[in-house]
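Asker: Dropping in work-v4.pdb, with PDB, C-alpha atoms and all ligand atoms.
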ATOM      1  CA  MET E 570       4.842  20.197  -0.878
ATOM      2  CA  VAL E 571       7.262  19.080  -3.571
ATOM      3  CA  PRO E 572       9.189  22.164  -4.798
ATOM      4  CA  GLU E 573       8.029  23.518  -8.176
ATOM      5  CA  SER E 574      11.572  23.140  -9.538
ATOM      6  CA  THR E 575      11.451  19.389  -8.842
ATOM      7  CA  LEU E 576       8.051  19.117 -10.511
ATOM      8  CA  ASP E 577       9.309  21.118 -13.500
ATOM      9  CA  ASP E 578      12.183  18.661 -13.865
ATOM     10  CA  LEU E 579       9.662  15.875 -13.608
ATOM     11  CA  ARG E 580       7.373  17.383 -16.225
ATOM     12  CA  SER E 581      10.210  17.900 -18.685
ATOM     13  CA  ASP E 582      11.333  14.349 -17.969
ATOM     14  CA  THR E 583       7.749  13.230 -18.551
ATOM     15  CA  ALA E 584       7.574  15.139 -21.841
ATOM     16  CA  LEU E 585      10.821  13.496 -22.882
ATOM     17  CA  GLN E 586       9.551  10.087 -21.917
ATOM     18  CA  GLU E 587       6.266  10.607 -23.709
ATOM     19  CA  SER E 588       8.090  11.612 -26.863
ATOM     20  CA  ASP E 589      10.012   8.369 -27.065
ATOM     21  CA  THR E 590       7.326   6.278 -25.245
ATOM     22  CA  ALA E 591       9.910   4.646 -22.996
ATOM     23  CA  GLY E 592       9.717   4.369 -19.224
ATOM     24  CA  ARG E 593      12.608   4.620 -16.777
ATOM     25  CA  SER E 594      13.650   1.070 -17.556
ATOM     26  CA  GLY E 595      13.507   1.640 -21.299
ATOM     27  CA  ILE E 596      10.463  -0.624 -21.632
ATOM     28  CA  PRO E 597       7.872   0.896 -24.005
ATOM     29  CA  VAL E 598       5.279   2.753 -21.950
ATOM     30  CA  ALA E 599       2.533   2.391 -24.541
ATOM     31  CA  GLY E 600       2.632  -1.361 -24.027
ATOM     32  CA  THR E 601       2.281  -0.996 -20.255
ATOM     33  CA  LEU E 602      -1.009   0.913 -20.331
ATOM     34  CA  PRO E 603      -3.808  -1.514 -19.535
ATOM     35  CA  ALA E 604      -6.972  -1.911 -21.564
ATOM     36  CA  ARG E 605     -10.274  -0.813 -20.019
ATOM     37  CA  PRO E 606     -11.135  -3.454 -17.384
ATOM     38  CA  PRO E 607     -14.130  -5.769 -17.898
ATOM     39  CA  LEU E 608     -17.394  -4.589 -16.304
ATOM     40  CA  ALA E 609     -17.307  -7.437 -13.761
ATOM     41  CA  ASP E 610     -13.853  -6.269 -12.539
ATOM     42  CA  GLN E 611     -15.018  -2.663 -12.317
ATOM     43  CA  PHE E 612     -18.055  -3.757 -10.297
ATOM     44  CA  ALA E 613     -15.892  -5.845  -7.914
ATOM     45  CA  MET E 614     -13.607  -2.829  -7.399
ATOM     46  CA  LEU E 615     -16.615  -0.579  -6.810
ATOM     47  CA  VAL E 616     -17.863  -2.979  -4.116
ATOM     48  CA  ALA E 617     -14.381  -3.123  -2.499
ATOM     49  CA  VAL E 618     -14.208   0.687  -2.342
ATOM     50  CA  VAL E 619     -17.814   1.642  -1.628
ATOM     51  CA  VAL E 620     -18.945  -1.039   0.880
ATOM     52  CA  PRO E 621     -16.247  -0.233   3.520
ATOM     53  CA  PHE E 622     -17.041   3.475   3.016
ATOM     54  CA  LEU E 623     -20.771   2.891   3.572
ATOM     55  CA  GLY E 624     -19.984   0.673   6.580
ATOM     56  CA  THR E 625     -17.902   3.486   8.062
ATOM     57  CA  LEU E 626     -20.786   5.944   7.574
ATOM     58  CA  VAL E 627     -23.153   3.530   9.376
ATOM     59  CA  ALA E 628     -20.599   3.037  12.191
ATOM     60  CA  ALA E 629     -20.204   6.819  12.578
ATOM     61  CA  ALA E 630     -24.002   7.251  12.732
ATOM     62  CA  LEU E 631     -24.336   4.476  15.358
ATOM     63  CA  PHE E 632     -21.437   5.960  17.342
ATOM     64  CA  TRP E 633     -23.298   9.271  17.401
ATOM     65  CA  THR E 634     -26.734   7.892  18.251
ATOM     66  CA  HIS E 635     -25.586   5.225  20.757
ATOM     67  CA  GLY E 636     -23.023   7.400  22.558
ATOM     68  CA  GLY E 637     -19.804   5.626  21.540
ATOM     69  CA  VAL E 638     -18.544   2.114  20.948
ATOM     70  CA  GLY E 639     -17.415  -0.653  23.310
ATOM     71  CA  TRP E 640     -13.796  -1.610  24.016
ATOM     72  CA  LEU E 641     -14.255  -5.018  22.393
ATOM     73  CA  HIS E 642     -15.052  -3.420  19.046
ATOM     74  CA  VAL E 643     -12.317  -0.776  19.403
ATOM     75  CA  GLY E 644      -9.866  -3.629  20.100
ATOM     76  CA  LEU E 645     -11.013  -5.512  17.006
ATOM     77  CA  LEU E 646     -10.591  -2.356  14.900
ATOM     78  CA  VAL E 647      -7.094  -1.490  16.182
ATOM     79  CA  GLY E 648      -5.876  -5.099  16.381
ATOM     80  CA  GLY E 649      -7.182  -5.904  12.895
ATOM     81  CA  TRP E 650      -5.671  -2.722  11.458
ATOM     82  CA  LEU E 651      -2.239  -3.468  12.986
ATOM     83  CA  ALA E 652      -2.240  -7.143  11.919
ATOM     84  CA  THR E 653      -3.378  -6.599   8.324
ATOM     85  CA  GLY E 654      -1.584  -3.238   7.966
ATOM     86  CA  LEU E 655       1.720  -4.866   8.954
ATOM     87  CA  GLY E 656       0.800  -7.702   6.569
ATOM     88  CA  ILE E 657       0.896  -5.109   3.782
ATOM     89  CA  THR E 658       3.953  -3.129   4.925
ATOM     90  CA  ILE E 659       6.139  -6.012   6.134
ATOM     91  CA  GLY E 660       4.704  -8.876   4.069
ATOM     92  CA  PHE E 661       3.567  -7.595   0.688
ATOM     93  CA  HIS E 662       5.856  -4.567   0.490
ATOM     94  CA  ARG E 663       9.218  -5.023   2.219
ATOM     95  CA  LEU E 664       9.401  -8.849   2.063
ATOM     96  CA  LEU E 665       7.694  -9.899  -1.189
ATOM     97  CA  THR E 666       8.009  -6.858  -3.475
ATOM     98  CA  HIS E 667      11.464  -5.589  -2.500
ATOM     99  CA  ARG E 668      13.043  -8.600  -0.766
ATOM    100  CA  GLY E 669      14.299  -6.359   2.045
ATOM    101  CA  PHE E 670      14.947  -9.377   4.277
ATOM    102  CA  GLU E 671      14.647 -13.155   4.332
ATOM    103  CA  THR E 672      12.698 -15.331   6.723
ATOM    104  CA  TYR E 673      11.338 -18.862   7.229
ATOM    105  CA  ALA E 674       8.645 -20.158   4.867
ATOM    106  CA  LEU E 675       6.124 -20.352   7.709
ATOM    107  CA  ILE E 676       6.644 -16.723   8.713
ATOM    108  CA  ARG E 677       6.528 -15.695   5.064
ATOM    109  CA  ALA E 678       3.168 -17.500   4.785
ATOM    110  CA  PHE E 679       1.938 -15.754   7.956
ATOM    111  CA  TRP E 680       2.698 -12.258   6.618
ATOM    112  CA  MET E 681       1.259 -13.230   3.242
ATOM    113  CA  ALA E 682      -2.024 -14.263   4.878
ATOM    114  CA  MET E 683      -2.130 -11.065   6.986
ATOM    115  CA  GLY E 684      -1.537  -8.958   3.846
ATOM    116  CA  ALA E 685      -4.261 -10.773   1.902
ATOM    117  CA  MET E 686      -6.695 -10.061   4.745
ATOM    118  CA  ALA E 687      -6.147  -6.301   4.292
ATOM    119  CA  ILE E 688      -8.322  -6.773   1.159
ATOM    120  CA  GLU E 689      -6.000  -4.669  -1.000
ATOM    121  CA  GLY E 690      -5.663  -7.366  -3.659
ATOM    122  CA  SER E 691      -3.879 -10.703  -3.901
ATOM    123  CA  PRO E 692      -0.132 -10.749  -3.141
ATOM    124  CA  LEU E 693       1.006 -11.359  -6.729
ATOM    125  CA  VAL E 694      -1.157  -8.590  -8.180
ATOM    126  CA  TRP E 695      -0.310  -6.131  -5.366
ATOM    127  CA  CYS E 696       3.436  -6.717  -5.804
ATOM    128  CA  ALA E 697       3.263  -6.522  -9.624
ATOM    129  CA  ILE E 698       1.465  -3.169  -9.503
ATOM    130  CA  HIS E 699       3.878  -1.832  -6.908
ATOM    131  CA  ARG E 700       6.950  -2.873  -8.896
ATOM    132  CA  ARG E 701       5.404  -1.119 -11.898
ATOM    133  CA  HIS E 702       5.021   2.008  -9.714
ATOM    134  CA  HIS E 703       8.753   1.960  -8.898
ATOM    135  CA  GLU E 704       9.663   1.367 -12.539
ATOM    136  CA  HIS E 705       7.681   4.347 -13.828
ATOM    137  CA  SER E 706       7.188   6.467 -10.686
ATOM    138  CA  ASP E 707       5.614   9.793 -11.672
ATOM    139  CA  LEU E 708       6.138   9.032 -15.358
ATOM    140  CA  PRO E 709       3.665   7.719 -17.934
ATOM    141  CA  GLY E 710       3.017   4.099 -17.016
ATOM    142  CA  ASP E 711       2.936   4.771 -13.242
ATOM    143  CA  PRO E 712      -0.361   3.218 -12.075
ATOM    144  CA  HIS E 713      -0.993   5.932  -9.478
ATOM    145  CA  SER E 714       1.003   9.114  -9.930
ATOM    146  CA  PRO E 715      -0.738  12.179  -8.433
ATOM    147  CA  HIS E 716       1.095  14.476 -10.847
ATOM    148  CA  PRO E 717      -1.214  15.251 -13.765
ATOM    149  CA  ARG E 718      -0.190  17.327 -16.708
ATOM    150  CA  GLY E 719      -0.836  21.049 -16.299
ATOM    151  CA  GLY E 720      -1.007  23.148 -13.147
ATOM    152  CA  GLY E 721      -3.521  24.820 -10.822
ATOM    153  CA  TRP E 722      -5.334  23.603  -7.730
ATOM    154  CA  ASN E 723      -8.048  21.702  -9.623
ATOM    155  CA  SER E 724      -5.374  19.779 -11.479
ATOM    156  CA  THR E 725      -3.662  19.006  -8.127
ATOM    157  CA  LEU E 726      -6.970  17.809  -6.656
ATOM    158  CA  ARG E 727      -7.645  15.647  -9.728
ATOM    159  CA  GLY E 728      -4.155  14.152  -9.402
ATOM    160  CA  LEU E 729      -4.610  13.393  -5.697
ATOM    161  CA  TRP E 730      -8.006  11.787  -6.325
ATOM    162  CA  ASN E 731      -6.581   9.660  -9.140
ATOM    163  CA  ALA E 732      -3.663   8.468  -6.966
ATOM    164  CA  GLN E 733      -5.984   7.749  -4.010
ATOM    165  CA  VAL E 734      -8.929   5.981  -5.659
ATOM    166  CA  GLY E 735      -9.360   6.799  -9.359
ATOM    167  CA  TRP E 736      -6.484   4.607 -10.560
ATOM    168  CA  LEU E 737      -8.192   1.520  -9.096
ATOM    169  CA  PHE E 738     -10.647   1.660 -11.998
ATOM    170  CA  ALA E 739      -7.999   2.162 -14.707
ATOM    171  CA  GLY E 740      -7.455  -1.535 -15.366
ATOM    172  CA  TYR E 741      -4.115  -2.236 -13.682
ATOM    173  CA  TRP E 742      -5.789  -4.892 -11.513
ATOM    174  CA  SER E 743      -7.189  -6.669 -14.548
ATOM    175  CA  ASP E 744      -3.867  -6.560 -16.381
ATOM    176  CA  PRO E 745      -1.121  -6.878 -13.729
ATOM    177  CA  GLN E 746       1.437  -8.396 -16.169
ATOM    178  CA  LEU E 747       2.546 -10.974 -13.637
ATOM    179  CA  ARG E 748       5.084 -12.735 -15.857
ATOM    180  CA  ARG E 749       6.872  -9.486 -16.485
ATOM    181  CA  TYR E 750       6.800  -7.970 -12.997
ATOM    182  CA  VAL E 751       6.774 -10.901 -10.565
ATOM    183  CA  PRO E 752       8.357 -13.929 -12.299
ATOM    184  CA  ASP E 753      10.220 -14.722  -9.054
ATOM    185  CA  LEU E 754       7.000 -14.763  -7.014
ATOM    186  CA  LEU E 755       5.170 -16.852  -9.623
ATOM    187  CA  ALA E 756       7.715 -19.583  -8.898
ATOM    188  CA  GLU E 757       6.453 -19.850  -5.286
ATOM    189  CA  PRO E 758       3.582 -22.377  -5.102
ATOM    190  CA  SER E 759       2.296 -20.999  -1.779
ATOM    191  CA  LEU E 760       1.949 -17.505  -3.250
ATOM    192  CA  VAL E 761       0.174 -18.806  -6.325
ATOM    193  CA  TRP E 762      -2.182 -20.695  -3.979
ATOM    194  CA  VAL E 763      -3.005 -17.551  -1.970
ATOM    195  CA  ASP E 764      -3.553 -15.738  -5.261
ATOM    196  CA  ARG E 765      -5.997 -18.379  -6.508
ATOM    197  CA  TYR E 766      -7.987 -18.478  -3.265
ATOM    198  CA  TYR E 767      -7.692 -14.785  -2.480
ATOM    199  CA  TYR E 768     -11.458 -14.376  -1.972
ATOM    200  CA  LEU E 769     -11.308 -16.991   0.768
ATOM    201  CA  PHE E 770      -8.961 -14.635   2.666
ATOM    202  CA  VAL E 771     -11.404 -11.778   2.071
ATOM    203  CA  LEU E 772     -14.173 -13.849   3.698
ATOM    204  CA  ILE E 773     -11.945 -14.941   6.613
ATOM    205  CA  SER E 774     -10.867 -11.319   7.125
ATOM    206  CA  LEU E 775     -14.496 -10.329   7.731
ATOM    207  CA  ALA E 776     -15.500 -13.548   9.504
ATOM    208  CA  ILE E 777     -12.820 -13.360  12.247
ATOM    209  CA  PRO E 778     -13.940 -10.063  13.874
ATOM    210  CA  THR E 779     -17.592 -11.076  13.457
ATOM    211  CA  ALA E 780     -17.007 -14.410  15.208
ATOM    212  CA  ILE E 781     -14.839 -12.982  18.019
ATOM    213  CA  ALA E 782     -17.362 -10.206  18.739
ATOM    214  CA  GLY E 783     -20.245 -12.698  18.661
ATOM    215  CA  LEU E 784     -18.514 -15.123  21.041
ATOM    216  CA  VAL E 785     -17.081 -12.569  23.467
ATOM    217  CA  GLY E 786     -19.932 -10.056  23.297
ATOM    218  CA  GLY E 787     -22.592 -12.756  23.202
ATOM    219  CA  GLY E 788     -25.275 -12.339  20.575
ATOM    220  CA  VAL E 789     -26.065 -11.348  17.026
ATOM    221  CA  ASN E 790     -25.915  -7.605  17.700
ATOM    222  CA  ALA E 791     -22.373  -7.819  19.077
ATOM    223  CA  ALA E 792     -21.362  -9.981  16.088
ATOM    224  CA  LEU E 793     -22.776  -7.463  13.602
ATOM    225  CA  MET E 794     -20.945  -4.635  15.378
ATOM    226  CA  GLY E 795     -17.787  -6.760  15.100
ATOM    227  CA  LEU E 796     -18.325  -7.042  11.346
ATOM    228  CA  LEU E 797     -18.867  -3.280  11.197
ATOM    229  CA  TRP E 798     -15.916  -2.055  13.309
ATOM    230  CA  GLY E 799     -13.416  -4.926  12.987
ATOM    231  CA  GLY E 800     -14.384  -5.574   9.351
ATOM    232  CA  LEU E 801     -15.651  -2.674   7.269
ATOM    233  CA  VAL E 802     -14.268   0.311   9.250
ATOM    234  CA  ARG E 803     -10.896  -1.433   9.616
ATOM    235  CA  VAL E 804     -10.748  -2.168   5.854
ATOM    236  CA  PHE E 805     -11.771   1.425   5.042
ATOM    237  CA  LEU E 806      -8.981   2.856   7.256
ATOM    238  CA  THR E 807      -6.317   0.404   6.050
ATOM    239  CA  HIS E 808      -7.233   1.047   2.393
ATOM    240  CA  HIS E 809      -7.063   4.803   2.644
ATOM    241  CA  ILE E 810      -3.886   4.877   4.731
ATOM    242  CA  THR E 811      -2.139   2.718   2.107
ATOM    243  CA  TRP E 812      -3.533   4.780  -0.776
ATOM    244  CA  SER E 813      -2.470   8.010   0.963
ATOM    245  CA  ILE E 814       1.125   6.889   0.477
ATOM    246  CA  ASN E 815       0.405   6.865  -3.275
ATOM    247  CA  SER E 816      -1.202  10.306  -3.245
ATOM    248  CA  ILE E 817      -0.010  12.463  -0.325
ATOM    249  CA  CYS E 818       3.538  11.045  -0.212
ATOM    250  CA  HIS E 819       4.159  12.061  -3.817
ATOM    251  CA  VAL E 820       2.988  15.655  -3.237
ATOM    252  CA  TYR E 821       3.138  16.872   0.386
ATOM    253  CA  GLY E 822       6.105  16.555   2.725
ATOM    254  CA  SER E 823       9.871  17.008   2.684
ATOM    255  CA  ARG E 824      12.596  15.356   0.672
ATOM    256  CA  MET E 825      15.829  14.069   2.219
ATOM    257  CA  PHE E 826      17.181  12.366  -0.895
ATOM    258  CA  ARG E 827      17.523  13.022  -4.609
ATOM    259  CA  THR E 828      15.163  10.717  -6.516
ATOM    260  CA  ALA E 829      13.878  10.865 -10.082
ATOM    261  CA  ASP E 830      10.271  11.286  -8.884
ATOM    262  CA  GLY E 831       8.180  13.512  -6.610
ATOM    263  CA  SER E 832       8.245  11.196  -3.571
ATOM    264  CA  THR E 833       8.154  12.872  -0.129
ATOM    265  CA  ASN E 834       8.542  12.053   3.557
ATOM    266  CA  ASN E 835       5.344  12.829   5.451
ATOM    267  CA  ALA E 836       5.327  12.412   9.243
ATOM    268  CA  LEU E 837       1.567  11.786   9.597
ATOM    269  CA  CYS E 838       1.640   9.100   6.881
ATOM    270  CA  GLY E 839       4.845   7.771   8.470
ATOM    271  CA  ILE E 840       3.076   7.131  11.766
ATOM    272  CA  LEU E 841      -0.343   5.999  10.457
ATOM    273  CA  GLY E 842       1.258   4.076   7.581
ATOM    274  CA  LEU E 843       3.370   2.033  10.023
ATOM    275  CA  GLY E 844       6.567   3.535   8.562
ATOM    276  CA  GLU E 845       5.565   3.673   4.895
ATOM    277  CA  GLY E 846       5.153   7.460   4.879
ATOM    278  CA  TRP E 847       8.936   7.961   4.775
ATOM    279  CA  HIS E 848       8.365   7.451   1.107
ATOM    280  CA  ASN E 849      11.166   9.620  -0.287
ATOM    281  CA  ASN E 850      13.625   7.482   1.696
ATOM    282  CA  HIS E 851      11.952   4.393   0.245
ATOM    283  CA  HIS E 852      12.227   5.596  -3.362
ATOM    284  CA  ALA E 853      15.890   6.441  -2.752
ATOM    285  CA  PHE E 854      16.621   2.973  -1.275
ATOM    286  CA  PRO E 855      13.766   0.648  -2.372
ATOM    287  CA  THR E 856      15.264  -2.576  -1.012
ATOM    288  CA  SER E 857      15.954  -1.162   2.455
ATOM    289  CA  ALA E 858      13.947  -3.001   5.127
ATOM    290  CA  ARG E 859      13.986   0.250   7.114
ATOM    291  CA  HIS E 860      12.127   3.274   5.694
ATOM    292  CA  GLY E 861      12.471   5.689   8.631
ATOM    293  CA  LEU E 862      16.205   6.194   8.169
ATOM    294  CA  ALA E 863      16.594   9.072  10.655
ATOM    295  CA  TRP E 864      16.290   8.309  14.385
ATOM    296  CA  TRP E 865      13.227  10.538  14.687
ATOM    297  CA  GLN E 866      11.374   8.933  11.761
ATOM    298  CA  PHE E 867       9.142   6.435  13.585
ATOM    299  CA  ASP E 868       8.870   3.236  11.557
ATOM    300  CA  ALA E 869       6.665   0.635  13.275
ATOM    301  CA  SER E 870       7.265  -1.977  10.559
ATOM    302  CA  TRP E 871      11.022  -1.643  10.983
ATOM    303  CA  LEU E 872      10.685  -2.192  14.750
ATOM    304  CA  VAL E 873       8.873  -5.478  14.080
ATOM    305  CA  ILE E 874      11.475  -6.569  11.491
ATOM    306  CA  ARG E 875      14.254  -5.604  13.941
ATOM    307  CA  LEU E 876      12.541  -7.700  16.638
ATOM    308  CA  MET E 877      12.267 -10.626  14.219
ATOM    309  CA  GLN E 878      15.983 -10.208  13.447
ATOM    310  CA  ALA E 879      16.864 -10.164  17.158
ATOM    311  CA  CYS E 880      14.885 -13.406  17.608
ATOM    312  CA  ARG E 881      16.727 -14.901  14.581
ATOM    313  CA  LEU E 882      13.481 -15.036  12.618
ATOM    314  CA  ALA E 883      14.763 -12.589   9.949
ATOM    315  CA  TRP E 884      18.137 -12.431   8.236
ATOM    316  CA  ASP E 885      19.835 -10.801   5.231
ATOM    317  CA  VAL E 886      18.168  -7.591   6.370
ATOM    318  CA  LYS E 887      19.023  -4.948   3.774
ATOM    319  CA  LEU E 888      19.977  -1.407   4.827
ATOM    320  CA  PRO E 889      21.685   1.373   2.851
ATOM    321  CA  SER E 890      25.305   2.012   3.833
ATOM    322  CA  PRO E 891      26.189   5.363   5.485
ATOM    323  CA  LYS E 892      28.206   6.150   2.337
ATOM    324  CA  ALA E 893      25.187   5.518   0.062
ATOM    325  CA  ILE E 894      23.002   7.653   2.353
ATOM    326  CA  ALA E 895      25.510  10.525   2.320
ATOM    327  CA  ALA E 896      25.867  10.343  -1.478
ATOM    328  CA  ARG E 897      22.136  10.826  -2.093
ATOM    329  CA  ARG E 898      21.413  13.417   0.636
ATOM    330  CA  ILE E 899      19.958  16.686  -0.669
TER     331      ILE E 899
HETATM  332 ZN    ZN T 901       5.908   5.992  -4.568
HETATM  333 ZN    ZN T 902       8.069   0.048  -2.722
END
Transcribe the structure of this file into structure tokens.
Ligand SMILES: [Zn+2]
Ligand SMILES: [Zn+2]
Answerer:
Amino acid sequence: MVPESTLDDLRSDTALQESDTAGRSGIPVAGTLPARPPLADQFAMLVAVVVPFLGTLVAAALFWTHGGVGWLHVGLLVGGWLATGLGITIGFHRLLTHRGFETYALIRAFWMAMGAMAIEGSPLVWCAIHRRHHEHSDLPGDPHSPHPRGGGWNSTLRGLWNAQVGWLFAGYWSDPQLRRYVPDLLAEPSLVWVDRYYYLFVLISLAIPTAIAGLVGGGVNAALMGLLWGGLVRVFLTHHITWSINSICHVYGSRMFRTADGSTNNALCGILGLGEGWHNNHHAFPTSARHGLAWWQFDASWLVIRLMQACRLAWDVKLPSPKAIAARRI
């Protein structure tokens, strides 16, 4: 849990920021708050959140009544989670948002496609919202801070819920302010193309496990189970693991570095989040391609980037210097 003293500092900082309506970058916060999203956008978000949840409930019920699930469908779930999860952590986050390393256009396109198939939003919108999070982290203007005003357990629960799911309905998706947050990415035609045809990637993301299960398992039932386990359950897990970084990793865990927010390192989120749970390290050194900076902090995404680097498929890999690490250590 983030120490109370840190949160007190944060709250006084927040009060200060609210009084002059300026975020960490000095950009007026009032102007960054989005308007209420259109009903159609809210409905689309509701579908994206609720359908995978309902699919997971159905899968759990079938698991219980049919005495388990076959290896084909487990493979589609785990394989799909790893491919699209790494698409988010390596592609959307470390490569596109923070430019933690450089790679060939084809590999960039591959990670972009994998990230889009996680169904967490198009690359431009995802990156814009995440850059806004770093700009205002745990201050007014942060799209998903779990730190509400006030204290008490119900306020903590409300904050966690808002950072996990509630913020999705606050309008940041409808008003991502692309020109302000991702002007560099807007200049990439391939990214703009993926953004325009994002829903095609959503369809492909669900069609692939359905088709593989149908072909390998033979039959409509196997295909539908592929859609369930490799599609909906996989999306549900990937969504909530990513969103846990927003909620849990700003409240529960330890802090290795001084940062002007409540970010924490959480081992469970570090492992399930493919390295993203070492979130205090990430807020201290946002452009670092490696988030698990200590030898014992397992960072699956870093291992893949390191492998790409060894195969000369990644270069200009950014890491904090030992001096910078020592200077920010708590
Ligand atoms: Zn954060
Ligand atoms: Zn980040």
Asker: Using only C-alpha atoms, pick whichever of E:Gly861, E:Pro745, E:Gly660, E:Pro712 has the shortest atom-to-atom distance to Gln733 in chain E.
Answerer: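 Checking each of E:Gly861, E:Pro745, E:Gly660, E:Pro712 against Gln733 in chain E, counting only C-alpha atoms, the winner is E:Pro712.
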Asker: Under the PyMOL selection byres (((chain E and resi 643-653) around 9) and not hetatm), which residues of this model are included? Write them out as a PyMOL selection string.
Answerer: chain E and resi 638-642+654-658+680+682-688+774+778+781-782+795+798-800+802-804+806-807+843
Asker: As JSON, what would the box around range 803-821 of chain E look like: edges along x, y and z, 3 Å added on every side, centre and edge lengths in Å to one decimal?
Answerer:
{"center_x": -3.8, "center_y": 7.4, "center_z": 2.9, "size_x": 21.9, "size_y": 25.0, "size_z": 19.4}
Asker: List every residue of chain E that has an atom at most 12 Å from any atom of ligand ZN 902 (chain T), and for each one report the closest atom pair and its distance in Å to one decimal, counting all atoms listed in the file, with rows sorted by chain and then by increasing residue number, as CSV.
Answerer:
residue,atom,partner,partner_atom,distance
E:Ile657,CA,T:ZN902,ZN,11.0
E:Thr658,CA,T:ZN902,ZN,9.2
E:Ile659,CA,T:ZN902,ZN,10.9
E:Gly660,CA,T:ZN902,ZN,11.7
E:Phe661,CA,T:ZN902,ZN,9.5
E:His662,CA,T:ZN902,ZN,6.0
E:Arg663,CA,T:ZN902,ZN,7.2
E:Leu664,CA,T:ZN902,ZN,10.2
E:Leu665,CA,T:ZN902,ZN,10.1
E:Thr666,CA,T:ZN902,ZN,6.9
E:His667,CA,T:ZN902,ZN,6.6
E:Arg668,CA,T:ZN902,ZN,10.2
E:Gly669,CA,T:ZN902,ZN,10.1
E:Trp695,CA,T:ZN902,ZN,10.7
E:Cys696,CA,T:ZN902,ZN,8.8
E:Ala697,CA,T:ZN902,ZN,10.7
E:Ile698,CA,T:ZN902,ZN,10.0
E:His699,CA,T:ZN902,ZN,6.2
E:Arg700,CA,T:ZN902,ZN,6.9
E:Arg701,CA,T:ZN902,ZN,9.6
E:His702,CA,T:ZN902,ZN,7.9
E:His703,CA,T:ZN902,ZN,6.5
E:Glu704,CA,T:ZN902,ZN,10.0
E:His705,CA,T:ZN902,ZN,11.9
E:Ser706,CA,T:ZN902,ZN,10.3
E:Thr811,CA,T:ZN902,ZN,11.6
E:Ile814,CA,T:ZN902,ZN,10.3
E:Asn815,CA,T:ZN902,ZN,10.3
E:Ser832,CA,T:ZN902,ZN,11.2
E:Gly844,CA,T:ZN902,ZN,11.9
E:Glu845,CA,T:ZN902,ZN,8.8
E:Gly846,CA,T:ZN902,ZN,11.0
E:Trp847,CA,T:ZN902,ZN,10.9
E:His848,CA,T:ZN902,ZN,8.3
E:Asn849,CA,T:ZN902,ZN,10.4
E:Asn850,CA,T:ZN902,ZN,10.3
E:His851,CA,T:ZN902,ZN,6.5
E:His852,CA,T:ZN902,ZN,7.0
E:Ala853,CA,T:ZN902,ZN,10.1
E:Phe854,CA,T:ZN902,ZN,9.2
E:Pro855,CA,T:ZN902,ZN,5.7
E:Thr856,CA,T:ZN902,ZN,7.8
E:Ser857,CA,T:ZN902,ZN,9.5
E:Ala858,CA,T:ZN902,ZN,10.3
E:Arg859,CA,T:ZN902,ZN,11.5
E:His860,CA,T:ZN902,ZN,9.9
Asker: Can I get the selection written as an mmCIF file, in the frame of the given file, with C-alpha atoms?
Answerer:
data_model
loop_
_atom_site.group_PDB
_atom_site.id
_atom_site.type_symbol
_atom_site.label_atom_id
_atom_site.label_comp_id
_atom_site.auth_asym_id
_atom_site.auth_seq_id
_atom_site.Cartn_x
_atom_site.Cartn_y
_atom_site.Cartn_z
ATOM 1 C CA ILE E 657 0.896 -5.109 3.782
ATOM 2 C CA THR E 658 3.953 -3.129 4.925
ATOM 3 C CA ILE E 659 6.139 -6.012 6.134
ATOM 4 C CA GLY E 660 4.704 -8.876 4.069
ATOM 5 C CA PHE E 661 3.567 -7.595 0.688
ATOM 6 C CA HIS E 662 5.856 -4.567 0.490
ATOM 7 C CA ARG E 663 9.218 -5.023 2.219
ATOM 8 C CA LEU E 664 9.401 -8.849 2.063
ATOM 9 C CA LEU E 665 7.694 -9.899 -1.189
ATOM 10 C CA THR E 666 8.009 -6.858 -3.475
ATOM 11 C CA HIS E 667 11.464 -5.589 -2.500
ATOM 12 C CA ARG E 668 13.043 -8.600 -0.766
ATOM 13 C CA GLY E 669 14.299 -6.359 2.045
ATOM 14 C CA TRP E 695 -0.310 -6.131 -5.366
ATOM 15 C CA CYS E 696 3.436 -6.717 -5.804
ATOM 16 C CA ALA E 697 3.263 -6.522 -9.624
ATOM 17 C CA ILE E 698 1.465 -3.169 -9.503
ATOM 18 C CA HIS E 699 3.878 -1.832 -6.908
ATOM 19 C CA ARG E 700 6.950 -2.873 -8.896
ATOM 20 C CA ARG E 701 5.404 -1.119 -11.898
ATOM 21 C CA HIS E 702 5.021 2.008 -9.714
ATOM 22 C CA HIS E 703 8.753 1.960 -8.898
ATOM 23 C CA GLU E 704 9.663 1.367 -12.539
ATOM 24 C CA HIS E 705 7.681 4.347 -13.828
ATOM 25 C CA SER E 706 7.188 6.467 -10.686
ATOM 26 C CA THR E 811 -2.139 2.718 2.107
ATOM 27 C CA ILE E 814 1.125 6.889 0.477
ATOM 28 C CA ASN E 815 0.405 6.865 -3.275
ATOM 29 C CA SER E 832 8.245 11.196 -3.571
ATOM 30 C CA GLY E 844 6.567 3.535 8.562
ATOM 31 C CA GLU E 845 5.565 3.673 4.895
ATOM 32 C CA GLY E 846 5.153 7.460 4.879
ATOM 33 C CA TRP E 847 8.936 7.961 4.775
ATOM 34 C CA HIS E 848 8.365 7.451 1.107
ATOM 35 C CA ASN E 849 11.166 9.620 -0.287
ATOM 36 C CA ASN E 850 13.625 7.482 1.696
ATOM 37 C CA HIS E 851 11.952 4.393 0.245
ATOM 38 C CA HIS E 852 12.227 5.596 -3.362
ATOM 39 C CA ALA E 853 15.890 6.441 -2.752
ATOM 40 C CA PHE E 854 16.621 2.973 -1.275
ATOM 41 C CA PRO E 855 13.766 0.648 -2.372
ATOM 42 C CA THR E 856 15.264 -2.576 -1.012
ATOM 43 C CA SER E 857 15.954 -1.162 2.455
ATOM 44 C CA ALA E 858 13.947 -3.001 5.127
ATOM 45 C CA ARG E 859 13.986 0.250 7.114
ATOM 46 C CA HIS E 860 12.127 3.274 5.694
#
